[in-house]
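Undergrad: Mind having a look at this structure? Questions to follow.
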There are 2 protein chains.
Amino acid sequence: MESKTKPDGKIELSCPVPISDYKNVLLAHGGGGRLSHQLIQKLFASQFRNEFLDQDHDGAILPVNGARLAFTTDSYVINPIFFPGGDIGMLAVNGTVNDLAMCGATPRYLSAAFIIEEGLPIDDLWRVVLSMQEAAKRAGVLLVTGDTKVVDKGKGDKIFITTSGIGIIENGIDIYPKNARQGDKIIVSGNIGVHGIAIMSVREGLEFETKIESDCAPLNGLVHTMFTASTRIHVLRDPTRGGVASALNEIAESANVGMLIHEDRIPIDESVSGACEILGFDPLYVANEGKLLAIVHAEDADKILAAMHSHPLGKNSVIIGDVTTEHPKMVLMKSRIGGTRVVDMLSGEQLPRIC
Amino acid sequence: MESKTKPDGKIELSCPVPISDYKNVLLAHGGGGRLSHQLIQKLFASQFRNEFLDQDHDGAILPVNGARLAFTTDSYVINPIFFPGGDIGMLAVNGTVNDLAMCGATPRYLSAAFIIEEGLPIDDLWRVVLSMQEAAKRAGVLLVTGDTKVVDKGKGDKIFITTSGIGIIENGIDIYPKNARQGDKIIVSGNIGVHGIAIMSVREGLEFETKIESDCAPLNGLVHTMFTASTRIHVLRDPTRGGVASALNEIAESANVGMLIHEDRIPIDESVSGACEILGFDPLYVANEGKLLAIVHAEDADKILAAMHSHPLGKNSVIIGDVTTEHPKMVLMKSRIGGTRVVDMLSGEQLPRIC
């Protein structure tokens, strides 16, 4: 999808390759699944192409003065802005902290840019700011620069926050999606699907016996603990939008490997799996905000797992499967009853504005 | 404005100090003038307080592995997204490039986070992406990481873009708003008010004899040229939202100095001053996107000015005034007819969503 220069020297402005045959952007293009992936690959990546963007990472790894920096950005548009277990401010800090941690970096500095809808109560903004400051403190990062824009009523939705972050990657750490290799073990750091279900329950007005609260949390401490056990960690990824299924598919594609996971090993709260049944969701596609996937060298897997169990955010960590050479770029799952099925990337929209 | 802990240990969530007596966020809180300044100082700066945020800069200057990095972020919400002389994509790249340049940094890496309203034509997104890539190439920066979110129709406005940037500050460069000192000369790099008037003309459907196009441009080349002439440049600032008047006021406040500028020296296009009269705007408050203010050592002012004249983006550069010890934190202007008046920061809203 290159830009075409017409004979008169002007650039051809109509997008020359259809993005999945759609003429307009759909909600699903922001859902973290197949359509998001296509939009990013065909439209952005094709134009901006460079060695850093091509890393397919949660952030870019940049050489600066002999050090390796991780640099990442995310916009947060979650609805509602206050939800059980968190709010948009906490999410914006932890989300960017986690993207840096997933690059193997120690998060250091964050920026925050606010797009506020005219009429937002100052008290709501204040709550969000307090929450960001608390989250930054917990994660050990500093908010060092920012921006505020206000849009007219009806042209935004209360508040959108974009955080960017800078982290430092220590020597000996080498985390890239393409580093997954045959024989590696796939670890998930805890019970899946909690964040997405917490948000959907509020939106749908569902009540459960036990209140489901978002798992939103900073993962840099857990990652640090893992590295003290072994540096043979090949890939880290936090399965947010699109859930565990989409994250594993992206890694499989990047590394050109297959994956086999086992349904009976995937940790899930009873309340979450119950809610998924009611709402018609597959928990493998539901967003997480305080969980990570780690693809690690088989020989060190138990050591890393033990270290994870020692950390409050990793106490339910489990090895859920293996990286294979068979069926490259595909994720398969052995079901409880013994069959094997393909676990594809999320297609279409499932949970809009979940982060 | 500290957070209060109530006897039950919960945090007091209502904002304890009124932000200018408003209970809700107004458009003017994003206008770049007095209300923006208050919102940022009272609400954000009071909570996030740290040595980097306290620099009052267009970005933060951070020590990383013996190097000094500049780190900056801005959200772009301009309306309309395509305008004479540019579009939101070009603006988002140049704006962040310029914020880095105003820290005295060589811009290197940019991130881009998109918040797209459902239904945006893919072709419009494509035009924006092409334009960003072109702007990045021109400014010599790489777009290395990004994010895409989609919000439901009516909860956004076509597209908002947040760019963050990283630049490197060479040894010997020391640019901070607080560095303005008595006797320094104040330079503006060209004719003022062009961007704001270009946008307002489209919005108001005004037509002029000569079409007014935004001055949106990357200023890092011009800054580089200035540094080759002298490193005794104390402050740089691009007078965007709030215009020249608000930018000078912010610097005067930061450095605790006064300023005296001369109306008859301020360069302005006839078409822009005509449009300002029709629209009832003071050009000193109108946004610029390809102009800078430089506060420089008096002895090197002519040398720096000559260098600026040699650059296409600085050929109309003029010394418009001096930094004084009298009337600290105030900007005065000698008018054409000989009187002197206070040039205050922009109060209230003038041009919403101008960048």
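Chain labels run A, B, ... following the order of the structure tokens; each chain numbers its residues from 1, and ligands are numbered from 1 in the order shown.
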Write out chain A, as an mmCIF file with C-alpha atoms, in the first residue's frame, after superposing it onto chain B by least squares using every C-alpha atom paired in order.
TA:
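And here's result_23.cif as it stands now:
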data_model
loop_
_atom_site.group_PDB
_atom_site.id
_atom_site.type_symbol
_atom_site.label_atom_id
_atom_site.label_comp_id
_atom_site.auth_asym_id
_atom_site.auth_seq_id
_atom_site.Cartn_x
_atom_site.Cartn_y
_atom_site.Cartn_z
ATOM 1 C CA MET A 1 -4.276 22.141 47.275
ATOM 2 C CA GLU A 2 -3.365 18.926 49.036
ATOM 3 C CA SER A 3 -5.575 15.876 49.236
ATOM 4 C CA LYS A 4 -7.125 15.495 52.651
ATOM 5 C CA THR A 5 -7.370 12.173 54.399
ATOM 6 C CA LYS A 6 -10.600 11.899 56.350
ATOM 7 C CA PRO A 7 -10.750 10.199 59.784
ATOM 8 C CA ASP A 8 -11.954 6.948 58.183
ATOM 9 C CA GLY A 9 -8.801 6.857 56.065
ATOM 10 C CA LYS A 10 -10.578 7.665 52.803
ATOM 11 C CA ILE A 11 -9.313 10.442 50.617
ATOM 12 C CA GLU A 12 -11.357 13.621 50.380
ATOM 13 C CA LEU A 13 -12.335 13.608 46.747
ATOM 14 C CA SER A 14 -13.900 16.967 46.186
ATOM 15 C CA CYS A 15 -11.298 19.329 44.804
ATOM 16 C CA PRO A 16 -10.348 21.336 47.900
ATOM 17 C CA VAL A 17 -9.357 24.543 46.128
ATOM 18 C CA PRO A 18 -11.736 25.949 43.557
ATOM 19 C CA ILE A 19 -10.227 26.349 40.106
ATOM 20 C CA SER A 20 -11.227 29.963 39.531
ATOM 21 C CA ASP A 21 -14.619 29.287 41.108
ATOM 22 C CA TYR A 22 -15.744 26.998 38.318
ATOM 23 C CA LYS A 23 -17.374 23.680 39.148
ATOM 24 C CA ASN A 24 -17.030 22.346 35.622
ATOM 25 C CA VAL A 25 -14.365 22.390 32.962
ATOM 26 C CA LEU A 26 -14.918 25.155 30.400
ATOM 27 C CA LEU A 27 -13.656 25.375 26.834
ATOM 28 C CA ALA A 28 -11.436 28.213 28.036
ATOM 29 C CA HIS A 29 -9.601 25.803 30.359
ATOM 30 C CA GLY A 30 -8.061 24.428 27.156
ATOM 31 C CA GLY A 31 -7.488 27.791 25.472
ATOM 32 C CA GLY A 32 -3.874 28.285 26.511
ATOM 33 C CA GLY A 33 -4.550 31.437 28.534
ATOM 34 C CA ARG A 34 -5.077 32.297 32.167
ATOM 35 C CA LEU A 35 -7.650 29.554 32.895
ATOM 36 C CA SER A 36 -5.503 26.838 31.292
ATOM 37 C CA HIS A 37 -2.584 28.061 33.321
ATOM 38 C CA GLN A 38 -4.612 27.947 36.549
ATOM 39 C CA LEU A 39 -5.969 24.477 35.822
ATOM 40 C CA ILE A 40 -2.487 23.148 35.161
ATOM 41 C CA GLN A 41 -0.839 24.879 38.116
ATOM 42 C CA LYS A 42 -3.526 24.233 40.717
ATOM 43 C CA LEU A 43 -4.695 20.816 39.714
ATOM 44 C CA PHE A 44 -1.961 18.952 37.908
ATOM 45 C CA ALA A 45 1.256 20.592 39.042
ATOM 46 C CA SER A 46 0.199 20.611 42.698
ATOM 47 C CA GLN A 47 -0.273 16.841 42.675
ATOM 48 C CA PHE A 48 2.436 15.642 40.331
ATOM 49 C CA ARG A 49 5.071 18.052 41.707
ATOM 50 C CA ASN A 50 8.632 16.948 40.895
ATOM 51 C CA GLU A 51 11.848 18.564 39.741
ATOM 52 C CA PHE A 52 11.128 17.861 36.077
ATOM 53 C CA LEU A 53 7.558 19.106 35.982
ATOM 54 C CA ASP A 54 8.658 22.219 37.837
ATOM 55 C CA GLN A 55 10.792 23.249 34.866
ATOM 56 C CA ASP A 56 7.707 25.017 33.356
ATOM 57 C CA HIS A 57 8.972 23.940 29.977
ATOM 58 C CA ASP A 58 7.319 22.791 26.774
ATOM 59 C CA GLY A 59 8.709 19.418 27.806
ATOM 60 C CA ALA A 60 10.727 17.755 30.554
ATOM 61 C CA ILE A 61 14.513 17.547 30.474
ATOM 62 C CA LEU A 62 15.614 14.186 31.828
ATOM 63 C CA PRO A 63 19.025 12.743 32.639
ATOM 64 C CA VAL A 64 19.472 9.329 30.998
ATOM 65 C CA ASN A 65 22.796 7.506 31.035
ATOM 66 C CA GLY A 66 24.796 10.717 31.032
ATOM 67 C CA ALA A 67 22.755 12.261 28.219
ATOM 68 C CA ARG A 68 20.025 14.863 28.550
ATOM 69 C CA LEU A 69 16.747 13.886 26.918
ATOM 70 C CA ALA A 70 13.812 16.151 26.223
ATOM 71 C CA PHE A 71 10.413 14.447 26.518
ATOM 72 C CA THR A 72 7.170 16.112 25.540
ATOM 73 C CA THR A 73 3.530 15.370 24.709
ATOM 74 C CA ASP A 74 0.576 17.171 23.139
ATOM 75 C CA SER A 75 -2.923 16.214 22.099
ATOM 76 C CA TYR A 76 -4.268 17.693 18.883
ATOM 77 C CA VAL A 77 -8.006 18.282 18.617
ATOM 78 C CA ILE A 78 -8.072 20.911 15.885
ATOM 79 C CA ASN A 79 -11.289 21.547 14.023
ATOM 80 C CA PRO A 80 -11.470 21.253 11.025
ATOM 81 C CA ILE A 81 -8.971 18.418 10.607
ATOM 82 C CA PHE A 82 -8.035 19.605 7.104
ATOM 83 C CA PHE A 83 -7.349 23.329 6.808
ATOM 84 C CA PRO A 84 -5.525 25.753 4.492
ATOM 85 C CA GLY A 85 -1.824 25.002 4.776
ATOM 86 C CA GLY A 86 -2.076 21.747 6.688
ATOM 87 C CA ASP A 87 -4.032 19.104 8.539
ATOM 88 C CA ILE A 88 -4.180 17.537 11.996
ATOM 89 C CA GLY A 89 -1.485 14.970 11.140
ATOM 90 C CA MET A 90 1.078 17.523 9.987
ATOM 91 C CA LEU A 91 0.212 19.684 12.998
ATOM 92 C CA ALA A 92 0.647 16.772 15.422
ATOM 93 C CA VAL A 93 4.119 15.983 14.077
ATOM 94 C CA ASN A 94 5.335 19.575 13.797
ATOM 95 C CA GLY A 95 3.843 20.578 17.145
ATOM 96 C CA THR A 96 5.775 17.933 19.028
ATOM 97 C CA VAL A 97 8.929 18.482 16.971
ATOM 98 C CA ASN A 98 8.673 22.166 17.910
ATOM 99 C CA ASP A 99 8.142 21.486 21.616
ATOM 100 C CA LEU A 100 11.332 19.431 21.589
ATOM 101 C CA ALA A 101 13.181 22.136 19.661
ATOM 102 C CA MET A 102 11.979 24.723 22.218
ATOM 103 C CA CYS A 103 13.760 22.656 24.894
ATOM 104 C CA GLY A 104 16.941 23.052 22.843
ATOM 105 C CA ALA A 105 16.771 19.405 21.815
ATOM 106 C CA THR A 106 17.353 17.702 18.494
ATOM 107 C CA PRO A 107 14.061 15.857 17.890
ATOM 108 C CA ARG A 108 14.567 12.130 17.241
ATOM 109 C CA TYR A 109 11.642 9.825 17.973
ATOM 110 C CA LEU A 110 7.880 10.357 17.988
ATOM 111 C CA SER A 111 4.930 8.278 19.144
ATOM 112 C CA ALA A 112 1.411 8.770 17.821
ATOM 113 C CA ALA A 113 -1.829 7.750 19.537
ATOM 114 C CA PHE A 114 -5.069 8.050 17.575
ATOM 115 C CA ILE A 115 -8.569 8.419 19.009
ATOM 116 C CA ILE A 116 -10.853 7.941 16.030
ATOM 117 C CA GLU A 117 -14.588 8.524 15.941
ATOM 118 C CA GLU A 118 -16.489 5.569 14.504
ATOM 119 C CA GLY A 119 -17.433 6.339 10.916
ATOM 120 C CA LEU A 120 -14.368 8.384 9.935
ATOM 121 C CA PRO A 121 -13.746 7.691 6.245
ATOM 122 C CA ILE A 122 -10.705 5.428 5.858
ATOM 123 C CA ASP A 123 -9.592 7.800 3.082
ATOM 124 C CA ASP A 124 -9.428 10.688 5.579
ATOM 125 C CA LEU A 125 -7.352 8.587 7.940
ATOM 126 C CA TRP A 126 -5.107 7.685 5.042
ATOM 127 C CA ARG A 127 -4.598 11.358 4.122
ATOM 128 C CA VAL A 128 -3.674 12.106 7.739
ATOM 129 C CA VAL A 129 -1.213 9.215 7.867
ATOM 130 C CA LEU A 130 0.467 10.278 4.604
ATOM 131 C CA SER A 131 0.731 13.801 5.894
ATOM 132 C CA MET A 132 2.303 12.656 9.181
ATOM 133 C CA GLN A 133 4.844 10.578 7.354
ATOM 134 C CA GLU A 134 5.736 13.513 5.104
ATOM 135 C CA ALA A 135 6.042 15.863 8.087
ATOM 136 C CA ALA A 136 8.191 13.348 9.990
ATOM 137 C CA LYS A 137 10.494 13.023 6.998
ATOM 138 C CA ARG A 138 10.815 16.792 6.632
ATOM 139 C CA ALA A 139 11.642 17.206 10.326
ATOM 140 C CA GLY A 140 14.046 14.262 10.346
ATOM 141 C CA VAL A 141 12.225 12.263 13.022
ATOM 142 C CA LEU A 142 10.945 8.694 13.137
ATOM 143 C CA LEU A 143 7.468 7.605 14.226
ATOM 144 C CA VAL A 144 8.444 4.561 16.260
ATOM 145 C CA THR A 145 5.382 3.474 18.224
ATOM 146 C CA GLY A 146 1.663 4.124 18.331
ATOM 147 C CA ASP A 147 -1.831 3.232 19.434
ATOM 148 C CA THR A 148 -5.310 3.319 17.920
ATOM 149 C CA LYS A 149 -8.590 3.598 19.782
ATOM 150 C CA VAL A 150 -12.050 3.980 18.281
ATOM 151 C CA VAL A 151 -14.922 5.662 20.136
ATOM 152 C CA ASP A 152 -18.620 5.453 19.267
ATOM 153 C CA LYS A 153 -20.136 7.997 16.907
ATOM 154 C CA GLY A 154 -20.930 11.216 18.782
ATOM 155 C CA LYS A 155 -18.349 10.529 21.530
ATOM 156 C CA GLY A 156 -15.409 12.019 19.656
ATOM 157 C CA ASP A 157 -14.916 14.309 16.668
ATOM 158 C CA LYS A 158 -13.427 12.591 13.601
ATOM 159 C CA ILE A 159 -9.886 12.192 14.934
ATOM 160 C CA PHE A 160 -7.758 13.323 17.854
ATOM 161 C CA ILE A 161 -4.009 12.660 17.743
ATOM 162 C CA THR A 162 -1.604 12.682 20.671
ATOM 163 C CA THR A 163 2.054 12.782 19.764
ATOM 164 C CA SER A 164 4.891 12.446 22.251
ATOM 165 C CA GLY A 165 8.516 12.973 21.419
ATOM 166 C CA ILE A 166 12.054 12.316 22.546
ATOM 167 C CA GLY A 167 14.980 14.548 21.632
ATOM 168 C CA ILE A 168 18.624 14.809 22.619
ATOM 169 C CA ILE A 169 20.114 17.978 24.093
ATOM 170 C CA GLU A 170 23.700 18.619 23.082
ATOM 171 C CA ASN A 171 26.287 19.805 25.575
ATOM 172 C CA GLY A 172 26.506 23.558 25.999
ATOM 173 C CA ILE A 173 22.801 24.134 25.423
ATOM 174 C CA ASP A 174 20.888 25.416 28.415
ATOM 175 C CA ILE A 175 17.350 26.539 27.603
ATOM 176 C CA TYR A 176 14.811 27.106 30.368
ATOM 177 C CA PRO A 177 11.974 29.627 30.772
ATOM 178 C CA LYS A 178 13.562 30.727 34.045
ATOM 179 C CA ASN A 179 16.785 31.664 32.232
ATOM 180 C CA ALA A 180 15.447 34.956 30.858
ATOM 181 C CA ARG A 181 17.462 37.783 32.428
ATOM 182 C CA GLN A 182 17.617 41.539 32.452
ATOM 183 C CA GLY A 183 18.945 43.062 29.281
ATOM 184 C CA ASP A 184 18.133 40.057 27.105
ATOM 185 C CA LYS A 185 16.634 40.745 23.705
ATOM 186 C CA ILE A 186 13.283 39.274 22.663
ATOM 187 C CA ILE A 187 13.151 37.988 19.081
ATOM 188 C CA VAL A 188 10.130 36.742 17.138
ATOM 189 C CA SER A 189 10.928 34.597 14.106
ATOM 190 C CA GLY A 190 8.302 35.953 11.725
ATOM 191 C CA ASN A 191 4.831 37.332 11.095
ATOM 192 C CA ILE A 192 2.438 36.479 13.899
ATOM 193 C CA GLY A 193 -1.137 35.202 14.128
ATOM 194 C CA VAL A 194 -1.212 33.327 10.835
ATOM 195 C CA HIS A 195 -2.277 29.861 12.039
ATOM 196 C CA GLY A 196 -5.136 31.053 14.221
ATOM 197 C CA ILE A 197 -6.541 33.324 11.528
ATOM 198 C CA ALA A 198 -6.241 30.618 8.856
ATOM 199 C CA ILE A 199 -8.368 28.300 11.032
ATOM 200 C CA MET A 200 -10.893 30.944 12.043
ATOM 201 C CA SER A 201 -11.348 32.103 8.454
ATOM 202 C CA VAL A 202 -12.360 28.590 7.413
ATOM 203 C CA ARG A 203 -14.666 28.171 10.373
ATOM 204 C CA GLU A 204 -16.337 31.523 9.818
ATOM 205 C CA GLY A 205 -16.412 31.114 6.038
ATOM 206 C CA LEU A 206 -14.491 34.344 5.522
ATOM 207 C CA GLU A 207 -12.717 35.006 2.242
ATOM 208 C CA PHE A 208 -9.856 37.432 1.842
ATOM 209 C CA GLU A 209 -8.066 38.745 -1.204
ATOM 210 C CA THR A 210 -5.046 36.629 -0.403
ATOM 211 C CA LYS A 211 -5.757 33.184 0.997
ATOM 212 C CA ILE A 212 -4.406 32.876 4.536
ATOM 213 C CA GLU A 213 -2.641 29.551 5.058
ATOM 214 C CA SER A 214 -1.435 28.114 8.372
ATOM 215 C CA ASP A 215 2.252 28.673 9.102
ATOM 216 C CA CYS A 216 2.521 25.109 10.493
ATOM 217 C CA ALA A 217 6.185 24.054 10.089
ATOM 218 C CA PRO A 218 8.991 22.238 11.923
ATOM 219 C CA LEU A 219 11.256 24.715 13.723
ATOM 220 C CA ASN A 220 14.139 22.378 14.582
ATOM 221 C CA GLY A 221 16.128 23.422 11.514
ATOM 222 C CA LEU A 222 15.806 27.105 12.397
ATOM 223 C CA VAL A 223 16.835 26.410 16.007
ATOM 224 C CA HIS A 224 19.861 24.466 14.793
ATOM 225 C CA THR A 225 20.880 27.453 12.646
ATOM 226 C CA MET A 226 20.507 29.759 15.647
ATOM 227 C CA PHE A 227 22.745 27.580 17.819
ATOM 228 C CA THR A 228 25.482 27.583 15.217
ATOM 229 C CA ALA A 229 25.524 31.397 15.594
ATOM 230 C CA SER A 230 25.547 31.414 19.415
ATOM 231 C CA THR A 231 24.703 29.202 22.372
ATOM 232 C CA ARG A 232 23.798 32.256 24.465
ATOM 233 C CA ILE A 233 20.127 31.604 23.746
ATOM 234 C CA HIS A 234 18.342 31.595 27.111
ATOM 235 C CA VAL A 235 14.722 30.757 26.323
ATOM 236 C CA LEU A 236 12.850 29.410 23.304
ATOM 237 C CA ARG A 237 9.090 29.159 23.088
ATOM 238 C CA ASP A 238 6.641 28.595 20.242
ATOM 239 C CA PRO A 239 3.663 30.871 20.835
ATOM 240 C CA THR A 240 0.822 28.481 19.965
ATOM 241 C CA ARG A 241 -2.459 28.606 21.969
ATOM 242 C CA GLY A 242 -2.700 31.973 23.686
ATOM 243 C CA GLY A 243 -0.310 33.557 21.183
ATOM 244 C CA VAL A 244 2.748 35.741 21.727
ATOM 245 C CA ALA A 245 1.161 37.549 24.676
ATOM 246 C CA SER A 246 0.502 34.409 26.744
ATOM 247 C CA ALA A 247 3.906 32.881 25.943
ATOM 248 C CA LEU A 248 5.770 36.037 27.015
ATOM 249 C CA ASN A 249 3.707 36.240 30.205
ATOM 250 C CA GLU A 250 4.535 32.637 31.092
ATOM 251 C CA ILE A 251 8.242 33.269 30.608
ATOM 252 C CA ALA A 252 8.102 36.538 32.595
ATOM 253 C CA GLU A 253 6.415 34.689 35.448
ATOM 254 C CA SER A 254 8.825 31.757 35.358
ATOM 255 C CA ALA A 255 11.950 33.951 35.318
ATOM 256 C CA ASN A 256 10.514 36.678 37.551
ATOM 257 C CA VAL A 257 11.400 39.389 35.061
ATOM 258 C CA GLY A 258 9.530 42.127 33.235
ATOM 259 C CA MET A 259 9.328 42.618 29.496
ATOM 260 C CA LEU A 260 8.870 45.646 27.274
ATOM 261 C CA ILE A 261 7.872 45.082 23.653
ATOM 262 C CA HIS A 262 7.214 47.594 20.887
ATOM 263 C CA GLU A 263 4.018 47.420 18.879
ATOM 264 C CA ASP A 264 5.572 48.966 15.773
ATOM 265 C CA ARG A 265 8.209 46.229 15.601
ATOM 266 C CA ILE A 266 5.838 43.265 15.734
ATOM 267 C CA PRO A 267 5.731 41.716 12.266
ATOM 268 C CA ILE A 268 2.278 40.926 10.914
ATOM 269 C CA ASP A 269 0.770 40.283 7.485
ATOM 270 C CA GLU A 270 -1.689 42.879 6.291
ATOM 271 C CA SER A 271 -4.253 40.182 5.564
ATOM 272 C CA VAL A 272 -3.914 38.816 9.119
ATOM 273 C CA SER A 273 -4.240 42.195 10.784
ATOM 274 C CA GLY A 274 -7.259 42.919 8.567
ATOM 275 C CA ALA A 275 -8.884 39.621 9.525
ATOM 276 C CA CYS A 276 -8.154 40.295 13.193
ATOM 277 C CA GLU A 277 -9.999 43.592 12.905
ATOM 278 C CA ILE A 278 -13.020 41.948 11.279
ATOM 279 C CA LEU A 279 -13.081 39.103 13.823
ATOM 280 C CA GLY A 280 -12.328 41.312 16.803
ATOM 281 C CA PHE A 281 -9.084 39.572 17.770
ATOM 282 C CA ASP A 282 -5.862 41.030 19.091
ATOM 283 C CA PRO A 283 -3.117 39.354 16.993
ATOM 284 C CA LEU A 284 -0.908 39.105 20.091
ATOM 285 C CA TYR A 285 -3.292 36.414 21.364
ATOM 286 C CA VAL A 286 -3.711 34.512 18.116
ATOM 287 C CA ALA A 287 -2.037 31.091 17.760
ATOM 288 C CA ASN A 288 1.088 30.481 15.678
ATOM 289 C CA GLU A 289 2.382 27.066 14.569
ATOM 290 C CA GLY A 290 5.612 27.864 12.764
ATOM 291 C CA LYS A 291 7.002 30.779 14.739
ATOM 292 C CA LEU A 292 9.218 30.984 17.790
ATOM 293 C CA LEU A 293 10.133 33.492 20.445
ATOM 294 C CA ALA A 294 13.776 33.587 21.492
ATOM 295 C CA ILE A 295 15.144 35.379 24.523
ATOM 296 C CA VAL A 296 18.844 35.829 23.924
ATOM 297 C CA HIS A 297 21.914 37.502 25.375
ATOM 298 C CA ALA A 298 21.968 41.131 24.158
ATOM 299 C CA GLU A 299 25.575 40.912 22.925
ATOM 300 C CA ASP A 300 24.756 38.015 20.586
ATOM 301 C CA ALA A 301 21.312 39.206 19.496
ATOM 302 C CA ASP A 302 22.400 40.641 16.141
ATOM 303 C CA LYS A 303 24.467 37.576 15.343
ATOM 304 C CA ILE A 304 21.541 35.275 16.123
ATOM 305 C CA LEU A 305 19.165 37.487 14.162
ATOM 306 C CA ALA A 306 21.448 37.381 11.121
ATOM 307 C CA ALA A 307 21.547 33.581 11.311
ATOM 308 C CA MET A 308 17.743 33.491 11.538
ATOM 309 C CA HIS A 309 17.432 35.691 8.462
ATOM 310 C CA SER A 310 19.461 33.116 6.524
ATOM 311 C CA HIS A 311 16.850 30.401 7.214
ATOM 312 C CA PRO A 312 13.620 30.233 5.173
ATOM 313 C CA LEU A 313 11.504 30.039 8.356
ATOM 314 C CA GLY A 314 13.279 32.992 9.993
ATOM 315 C CA LYS A 315 13.663 35.525 7.209
ATOM 316 C CA ASN A 316 11.209 37.962 8.853
ATOM 317 C CA SER A 317 12.759 37.678 12.323
ATOM 318 C CA VAL A 318 12.743 40.891 14.365
ATOM 319 C CA ILE A 319 13.878 42.021 17.805
ATOM 320 C CA ILE A 320 10.598 43.145 19.368
ATOM 321 C CA GLY A 321 11.742 44.145 22.842
ATOM 322 C CA ASP A 322 13.821 43.687 25.970
ATOM 323 C CA VAL A 323 13.781 41.874 29.273
ATOM 324 C CA THR A 324 13.699 44.305 32.198
ATOM 325 C CA THR A 325 13.998 44.243 35.968
ATOM 326 C CA GLU A 326 11.127 46.711 36.329
ATOM 327 C CA HIS A 327 7.545 45.435 36.653
ATOM 328 C CA PRO A 328 8.559 41.784 37.250
ATOM 329 C CA LYS A 329 6.116 39.152 35.908
ATOM 330 C CA MET A 330 4.490 41.763 33.671
ATOM 331 C CA VAL A 331 4.694 42.330 29.945
ATOM 332 C CA LEU A 332 4.272 45.931 28.780
ATOM 333 C CA MET A 333 3.910 47.185 25.234
ATOM 334 C CA LYS A 334 4.786 50.596 23.860
ATOM 335 C CA SER A 335 2.042 51.364 21.383
ATOM 336 C CA ARG A 336 2.460 53.007 17.987
ATOM 337 C CA ILE A 337 1.118 56.284 19.334
ATOM 338 C CA GLY A 338 3.536 56.310 22.244
ATOM 339 C CA GLY A 339 1.500 55.062 25.211
ATOM 340 C CA THR A 340 2.389 51.997 27.245
ATOM 341 C CA ARG A 341 -0.098 49.274 28.149
ATOM 342 C CA VAL A 342 -0.046 45.995 30.019
ATOM 343 C CA VAL A 343 -0.187 42.920 27.795
ATOM 344 C CA ASP A 344 -1.831 40.322 29.984
ATOM 345 C CA MET A 345 -2.169 36.584 29.507
ATOM 346 C CA LEU A 346 -5.163 35.526 27.416
ATOM 347 C CA SER A 347 -8.168 35.378 29.693
ATOM 348 C CA GLY A 348 -11.249 33.458 28.725
ATOM 349 C CA GLU A 349 -11.560 31.629 25.465
ATOM 350 C CA GLN A 350 -10.702 33.127 22.160
ATOM 351 C CA LEU A 351 -10.103 30.375 19.670
ATOM 352 C CA PRO A 352 -11.195 26.970 20.886
ATOM 353 C CA ARG A 353 -9.682 23.854 19.267
ATOM 354 C CA ILE A 354 -7.059 25.766 17.347
ATOM 355 C CA CYS A 355 -4.516 22.951 17.708
#
Undergrad: Extract the full set of helix (DSSP H, G or I) residues from segment 40-124 of chain B according to DSSP on the backbone, and format it as a ChimeraX atom specification.
TA: /B:40-48,53-55,88-102,122-124
Undergrad: Check the DSSP output for the backbone and give back, as a list in words, the residues of segment 174-295 of chain A in strand (DSSP E or B).
TA: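 Filtering segment 174-295 of chain A down to strand (DSSP E or B) leaves Lys185, Ile186, Ile187, Val188, Ile233, His234, Val235, Leu236, Arg237, Gly258, Met259, Leu260, Ile261, His262, Leu293, Ala294 and Ile295 of chain A.
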